[in-house]
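Chemist: What follows is target_3.pdb, PDB, C-alpha atoms.
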ATOM      1  CA  LEU A   1    -150.401  48.173-134.411
ATOM      2  CA  ALA A   2    -148.133  51.027-135.559
ATOM      3  CA  ASN A   3    -151.076  52.810-137.200
ATOM      4  CA  TYR A   4    -153.187  52.232-134.094
ATOM      5  CA  ALA A   5    -150.458  53.870-131.968
ATOM      6  CA  ALA A   6    -150.334  56.736-134.487
ATOM      7  CA  ASN A   7    -154.077  57.298-133.986
ATOM      8  CA  VAL A   8    -154.564  57.967-137.700
ATOM      9  CA  GLY A   9    -157.899  59.544-138.583
ATOM     10  CA  THR A  10    -159.853  61.081-141.453
ATOM     11  CA  GLY A  11    -158.350  64.550-141.050
ATOM     12  CA  ASP A  12    -154.755  63.346-141.154
ATOM     13  CA  ILE A  13    -152.117  63.618-143.842
ATOM     14  CA  MET A  14    -149.962  60.534-143.471
ATOM     15  CA  LEU A  15    -146.501  59.859-144.885
ATOM     16  CA  GLU A  16    -144.709  56.528-145.072
ATOM     17  CA  PRO A  17    -141.110  57.486-145.984
ATOM     18  CA  SER A  18    -139.933  53.963-146.845
ATOM     19  CA  ALA A  19    -143.139  52.318-147.969
ATOM     20  CA  GLY A  20    -141.870  49.000-149.300
ATOM     21  CA  ASN A  21    -144.989  47.206-150.536
ATOM     22  CA  GLY A  22    -147.381  49.655-148.827
ATOM     23  CA  GLY A  23    -148.207  47.310-145.953
ATOM     24  CA  ILE A  24    -148.120  50.058-143.315
ATOM     25  CA  ALA A  25    -149.710  52.831-145.369
ATOM     26  CA  VAL A  26    -152.799  50.833-146.395
ATOM     27  CA  PHE A  27    -154.104  50.930-142.823
ATOM     28  CA  ALA A  28    -153.931  54.736-142.726
ATOM     29  CA  LYS A  29    -155.786  54.890-146.055
ATOM     30  CA  LYS A  30    -158.417  52.512-144.667
ATOM     31  CA  ASP A  31    -158.830  54.889-141.714
ATOM     32  CA  GLY A  32    -159.571  57.768-144.100
ATOM     33  CA  ALA A  33    -156.277  59.670-144.066
ATOM     34  CA  LYS A  34    -154.743  61.325-147.094
ATOM     35  CA  VAL A  35    -151.676  59.107-147.660
ATOM     36  CA  TYR A  36    -148.356  59.811-149.347
ATOM     37  CA  VAL A  37    -145.766  57.101-149.810
ATOM     38  CA  ASN A  38    -142.098  57.203-150.639
ATOM     39  CA  GLU A  39    -140.250  54.149-151.924
ATOM     40  CA  LEU A  40    -136.699  54.157-153.224
ATOM     41  CA  ASP A  41    -136.900  50.825-155.041
ATOM     42  CA  LYS A  42    -138.437  51.546-158.448
ATOM     43  CA  ARG A  43    -139.937  48.059-158.822
ATOM     44  CA  ARG A  44    -141.763  48.240-155.479
ATOM     45  CA  LEU A  45    -142.833  51.798-156.279
ATOM     46  CA  GLU A  46    -144.461  50.633-159.525
ATOM     47  CA  VAL A  47    -146.364  47.982-157.546
ATOM     48  CA  ILE A  48    -147.663  50.392-154.892
ATOM     49  CA  LYS A  49    -148.715  52.888-157.551
ATOM     50  CA  ASN A  50    -151.620  50.471-158.087
ATOM     51  CA  LEU A  51    -152.865  51.214-154.569
ATOM     52  CA  PRO A  52    -155.162  54.186-153.871
ATOM     53  CA  PHE A  53    -152.599  56.468-152.235
ATOM     54  CA  ASP A  54    -152.701  60.232-152.768
ATOM     55  CA  GLY A  55    -149.103  60.772-153.808
ATOM     56  CA  PHE A  56    -145.944  58.850-154.608
ATOM     57  CA  PHE A  57    -142.284  59.781-154.200
ATOM     58  CA  ASN A  58    -139.120  57.953-155.258
ATOM     59  CA  GLU A  59    -136.380  59.414-153.050
ATOM     60  CA  ASP A  60    -133.821  58.296-150.490
ATOM     61  CA  ALA A  61    -135.702  58.765-147.208
ATOM     62  CA  GLU A  62    -132.472  59.957-145.584
ATOM     63  CA  GLN A  63    -133.162  63.187-147.501
ATOM     64  CA  ILE A  64    -136.988  63.214-147.545
ATOM     65  CA  ASN A  65    -137.357  66.548-145.748
ATOM     66  CA  ASN A  66    -134.639  68.202-147.837
ATOM     67  CA  ILE A  67    -136.380  67.121-151.041
ATOM     68  CA  HIS A  68    -140.111  67.188-150.200
ATOM     69  CA  GLY A  69    -140.365  69.204-146.968
ATOM     70  CA  ASP A  70    -141.928  72.120-148.834
ATOM     71  CA  LYS A  71    -144.473  69.957-150.702
ATOM     72  CA  ILE A  72    -146.416  68.245-147.905
ATOM     73  CA  THR A  73    -146.669  68.630-144.153
ATOM     74  CA  PRO A  74    -147.792  65.304-142.747
ATOM     75  CA  THR A  75    -149.680  65.257-139.463
ATOM     76  CA  VAL A  76    -148.736  61.606-138.996
ATOM     77  CA  ILE A  77    -145.705  59.616-140.078
ATOM     78  CA  VAL A  78    -145.626  55.862-139.655
ATOM     79  CA  MET A  79    -142.403  54.255-140.740
ATOM     80  CA  ASN A  80    -140.206  51.190-140.708
ATOM     81  CA  PRO A  81    -136.838  52.653-141.707
ATOM     82  CA  PRO A  82    -133.870  50.448-142.536
ATOM     83  CA  PHE A  83    -132.285  49.188-139.335
ATOM     84  CA  SER A  84    -128.679  49.578-140.432
ATOM     85  CA  SER A  85    -128.106  50.004-144.149
ATOM     86  CA  SER A  86    -128.187  52.814-146.665
ATOM     87  CA  SER A  87    -129.263  51.468-150.027
ATOM     88  CA  GLU A  88    -127.843  54.312-152.074
ATOM     89  CA  ARG A  89    -124.409  54.475-150.471
ATOM     90  CA  ASN A  90    -123.705  50.858-149.438
ATOM     91  CA  ILE A  91    -123.121  51.887-145.818
ATOM     92  CA  HIS A  92    -123.942  49.641-142.873
ATOM     93  CA  ASP A  93    -124.414  51.628-139.668
ATOM     94  CA  THR A  94    -127.115  51.413-137.007
ATOM     95  CA  LYS A  95    -127.424  55.210-137.139
ATOM     96  CA  ILE A  96    -129.024  55.063-140.621
ATOM     97  CA  GLY A  97    -132.455  54.530-139.014
ATOM     98  CA  ALA A  98    -131.869  57.556-136.777
ATOM     99  CA  LYS A  99    -131.137  59.690-139.858
ATOM    100  CA  HIS A 100    -134.444  58.574-141.422
ATOM    101  CA  ILE A 101    -136.302  59.471-138.212
ATOM    102  CA  ASP A 102    -134.579  62.855-137.936
ATOM    103  CA  GLU A 103    -135.576  63.772-141.502
ATOM    104  CA  ALA A 104    -139.155  62.611-140.913
ATOM    105  CA  LEU A 105    -139.468  64.594-137.670
ATOM    106  CA  LYS A 106    -138.296  67.739-139.454
ATOM    107  CA  MET A 107    -141.061  67.229-142.028
ATOM    108  CA  LEU A 108    -143.787  66.409-139.481
ATOM    109  CA  ALA A 109    -146.359  69.116-138.751
ATOM    110  CA  PRO A 110    -146.330  70.775-135.315
ATOM    111  CA  ASN A 111    -148.362  68.633-132.888
ATOM    112  CA  GLY A 112    -148.002  65.674-135.260
ATOM    113  CA  ARG A 113    -147.078  62.123-134.292
ATOM    114  CA  LEU A 114    -144.359  59.841-135.600
ATOM    115  CA  VAL A 115    -144.441  56.095-135.022
ATOM    116  CA  ALA A 116    -141.361  54.173-136.112
ATOM    117  CA  ILE A 117    -140.385  50.530-135.994
ATOM    118  CA  VAL A 118    -136.620  50.426-135.584
ATOM    119  CA  GLY A 119    -134.066  47.840-134.548
ATOM    120  CA  GLN A 120    -133.639  47.118-130.873
ATOM    121  CA  ARG A 121    -130.046  48.333-131.109
ATOM    122  CA  MET A 122    -131.554  51.838-131.290
ATOM    123  CA  ALA A 123    -133.073  51.588-127.807
ATOM    124  CA  ASP A 124    -132.925  54.750-125.728
ATOM    125  CA  ASP A 125    -130.503  53.078-123.302
ATOM    126  CA  ALA A 126    -128.105  51.869-126.027
ATOM    127  CA  PRO A 127    -124.692  53.548-125.565
ATOM    128  CA  ALA A 128    -124.339  54.281-129.307
ATOM    129  CA  PHE A 129    -127.582  56.296-129.256
ATOM    130  CA  ARG A 130    -127.299  58.005-125.875
ATOM    131  CA  ASN A 131    -126.516  61.428-127.380
ATOM    132  CA  CYS A 132    -129.101  61.000-130.160
ATOM    133  CA  TRP A 133    -131.843  60.291-127.608
ATOM    134  CA  ARG A 134    -130.711  63.135-125.329
ATOM    135  CA  VAL A 135    -131.070  65.630-128.185
ATOM    136  CA  MET A 136    -134.369  64.100-129.368
ATOM    137  CA  LYS A 137    -135.899  64.259-125.888
ATOM    138  CA  GLN A 138    -134.919  67.935-125.630
ATOM    139  CA  GLN A 139    -136.913  68.712-128.796
ATOM    140  CA  TYR A 140    -139.763  66.207-128.856
ATOM    141  CA  ASN A 141    -142.139  64.387-126.548
ATOM    142  CA  VAL A 142    -141.046  60.749-126.673
ATOM    143  CA  LYS A 143    -144.212  58.940-125.599
ATOM    144  CA  ALA A 144    -142.951  55.357-125.906
ATOM    145  CA  THR A 145    -139.932  53.275-126.817
ATOM    146  CA  ILE A 146    -140.659  49.583-126.357
ATOM    147  CA  GLY A 147    -138.250  46.691-126.855
ATOM    148  CA  ILE A 148    -139.732  43.593-128.482
ATOM    149  CA  ASP A 149    -137.764  40.358-128.526
ATOM    150  CA  GLY A 150    -136.776  39.094-131.964
ATOM    151  CA  LYS A 151    -138.103  35.595-131.286
ATOM    152  CA  ASN A 152    -141.486  36.897-132.445
ATOM    153  CA  HIS A 153    -140.081  37.247-135.958
ATOM    154  CA  SER A 154    -138.564  33.773-136.349
ATOM    155  CA  THR A 155    -141.190  32.728-138.908
ATOM    156  CA  TYR A 156    -139.826  35.538-141.126
ATOM    157  CA  ARG A 157    -136.284  34.078-140.935
ATOM    158  CA  THR A 158    -134.933  36.756-138.612
ATOM    159  CA  ASN A 159    -134.458  37.057-134.901
ATOM    160  CA  SER A 160    -133.754  40.790-134.802
ATOM    161  CA  GLY A 161    -135.507  42.545-131.967
ATOM    162  CA  THR A 162    -137.540  45.661-132.720
ATOM    163  CA  GLN A 163    -137.982  48.930-130.856
ATOM    164  CA  PRO A 164    -141.278  50.658-131.715
ATOM    165  CA  LEU A 165    -141.158  54.401-130.996
ATOM    166  CA  VAL A 166    -143.956  56.925-130.524
ATOM    167  CA  ILE A 167    -142.843  60.566-130.704
ATOM    168  CA  ASP A 168    -145.073  63.640-130.593
ATOM    169  CA  LYS A 169    -143.895  66.912-132.107
ATOM    170  CA  ASP A 170    -145.406  69.094-129.407
ATOM    171  CA  GLY A 171    -142.197  69.998-127.621
ATOM    172  CA  PRO A 172    -140.406  68.175-124.858
ATOM    173  CA  PRO A 173    -142.472  66.883-121.945
ATOM    174  CA  PRO A 174    -142.721  69.246-118.971
ATOM    175  CA  ASP A 175    -140.245  68.692-116.158
ATOM    176  CA  PRO A 176    -141.682  66.434-113.420
TER     177      PRO A 176
END
Can I see the file as structure tokens?
Modeler:
Amino acid sequence: LANYAANVGTGDIMLEPSAGNGGIAVFAKKDGAKVYVNELDKRRLEVIKNLPFDGFFNEDAEQINNIHGDKITPTVIVMNPPFSSSSERNIHDTKIGAKHIDEALKMLAPNGRLVAIVGQRMADDAPAFRNCWRVMKQQYNVKATIGIDGKNHSTYRTNSGTQPLVIDKDGPPPDP
């Protein structure tokens, strides 16, 4: 569904900044995009290196633009950043996901699209993210932010709600 919302096609360069087992990125590859994946966990990275992606990185996605921003310019980014933890620094904060998104948006090509699956605590009406969303909406065209109840994930032993986001890097929307 995230790749469908991203509208990935054959002319796209896609990045998955926290690829895990490659479950999101494989759909973009199937749709003909050139696909780059980044995975911090070395064991998972070795597994996804067996998949037909076009490039592999092993960096903390909180710094992906700082490290690889001059190497690729993705036209599409589809991501499922950590909801609240930083694996390298043992920090638990709901703003970790926002940092991942900020870095990815900086790396995204002009007129590109970012689709992210974040925790529902990052909703655009959440008090902790009010300023973050204000700034983001001044710079980018936020097409969708949709809350999904966590009951849908109970078979995966979690009840955390999700908040899929669709953000276009074509400037803020025009004033109504």
Chemist: Starting from 6 Å padding per side, set up an axis-aligned box that covers all listed atoms of segment 47-56 of chain A and hand over centre and edge lengths in Å, one decimal, as JSON.
Modeler:
{"center_x": -150.6, "center_y": 54.4, "center_z": -155.2, "size_x": 21.2, "size_y": 24.8, "size_z": 17.9}
Chemist: Find the spatial neighbours of Tyr140 of chain A, counting all atoms listed in the file, within a cut-off of 6 Å - ignore same-chain residues fewer than 5 positions away - and output them as an MDAnalysis selection string.
Modeler: chainID A and resid 169 171:172
Chemist: Measuring atom to atom with all atoms listed in the file, identify which of A:Gln120, A:Asn38, A:Asn141, A:Thr10 is nearest to Ile64 of chain A.
Modeler: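 Result for the nearest residue to Ile64 of chain A: A:Asn38.
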Chemist: If I take atom CA of Asn58 of chain A and atom CA of Ser160 of chain A, how far is one from the other in Å, to one decimal?
Modeler: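 These atoms are spaced 27.2 Å apart.
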Chemist: Using the chain letters and numbering of this document, enumerate as a PyMOL selection string the residues selected by the PyMOL selection byres ((chain A and resi 3) around 8).
Modeler: chain A and resi 1-2+4-8+24+27-28+78+115
Chemist: For atom CA of Val142 of chain A and atom CA of Pro74 of chain A, determine how far apart the two atoms are, in Å to one decimal place.
Modeler: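 About the pair atom CA of Val142 of chain A and atom CA of Pro74 of chain A: they are 18.0 Å apart.
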Chemist: What do you get, as a ChimeraX atom specification, if you spell out every residue that the PyMOL selection byres ((chain A and resi 96-112) around 10) selects here?
Modeler: /A:6,12-18,60-66,68-86,91-95,113-119,122,129,132-133,136,140-141,167-171
Chemist: Just checking: using all atoms listed in the file, which residue out of A:Ala128, A:Ile67, A:Ala123, A:Ala25 ends up closest to Ile148 of chain A?
Modeler: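 The answer is A:Ala123, which sits nearest to Ile148 of chain A.
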Chemist: Contacts of Val47 of chain A at 12 Å or less, counting only C-alpha atoms, minus same-chain residues fewer than 2 places along, as a ChimeraX atom specification?
Modeler: /A:19-23,37,39,41-45,49-53,56
Chemist: Any chance you can output those residues with C-alpha atoms as a short mmCIF file (atom, residue, chain, number, x, y, z; two decimals), in the frame of the given file?
Modeler:
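Output below, filename part.cif:
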data_model
loop_
_atom_site.label_atom_id
_atom_site.label_comp_id
_atom_site.auth_asym_id
_atom_site.auth_seq_id
_atom_site.Cartn_x
_atom_site.Cartn_y
_atom_site.Cartn_z
CA ALA A 19 -143.14 52.32 -147.97
CA GLY A 20 -141.87 49.00 -149.30
CA ASN A 21 -144.99 47.21 -150.54
CA GLY A 22 -147.38 49.66 -148.83
CA GLY A 23 -148.21 47.31 -145.95
CA VAL A 37 -145.77 57.10 -149.81
CA GLU A 39 -140.25 54.15 -151.92
CA ASP A 41 -136.90 50.82 -155.04
CA LYS A 42 -138.44 51.55 -158.45
CA ARG A 43 -139.94 48.06 -158.82
CA ARG A 44 -141.76 48.24 -155.48
CA LEU A 45 -142.83 51.80 -156.28
CA LYS A 49 -148.72 52.89 -157.55
CA ASN A 50 -151.62 50.47 -158.09
CA LEU A 51 -152.86 51.21 -154.57
CA PRO A 52 -155.16 54.19 -153.87
CA PHE A 53 -152.60 56.47 -152.24
CA PHE A 56 -145.94 58.85 -154.61
#
Chemist: May I ask for the distance between atom CA of Gly32 of chain A and atom CA of Asp54 of chain A, given in Å to one decimal place?
Modeler: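 Computing the Euclidean distance for atom CA of Gly32 of chain A and atom CA of Asp54 of chain A yields 11.3 Å.
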Chemist: Quick one: of A:Asn131, A:Ala33, A:Arg121, A:Val166, who's nearest to Lys143 of chain A, counting only C-alpha atoms?
Modeler: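 Answer, going by the shortest atom-to-atom distance: A:Val166.
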Chemist: From the list A:Val35, A:Val26, A:Val135, A:Ala144, which residue is nearest Phe57 of chain A when using all atoms listed in the file?
Modeler: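 The answer is A:Val35, which sits nearest to Phe57 of chain A.
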Chemist: Identify which of the residues A:Asp175, A:Glu59, A:Asp31, A:Gly11 lies closest to Lys137 of chain A, counting only C-alpha atoms when measuring atom-to-atom distances.
Modeler: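 The closest residue to Lys137 of chain A is A:Asp175.
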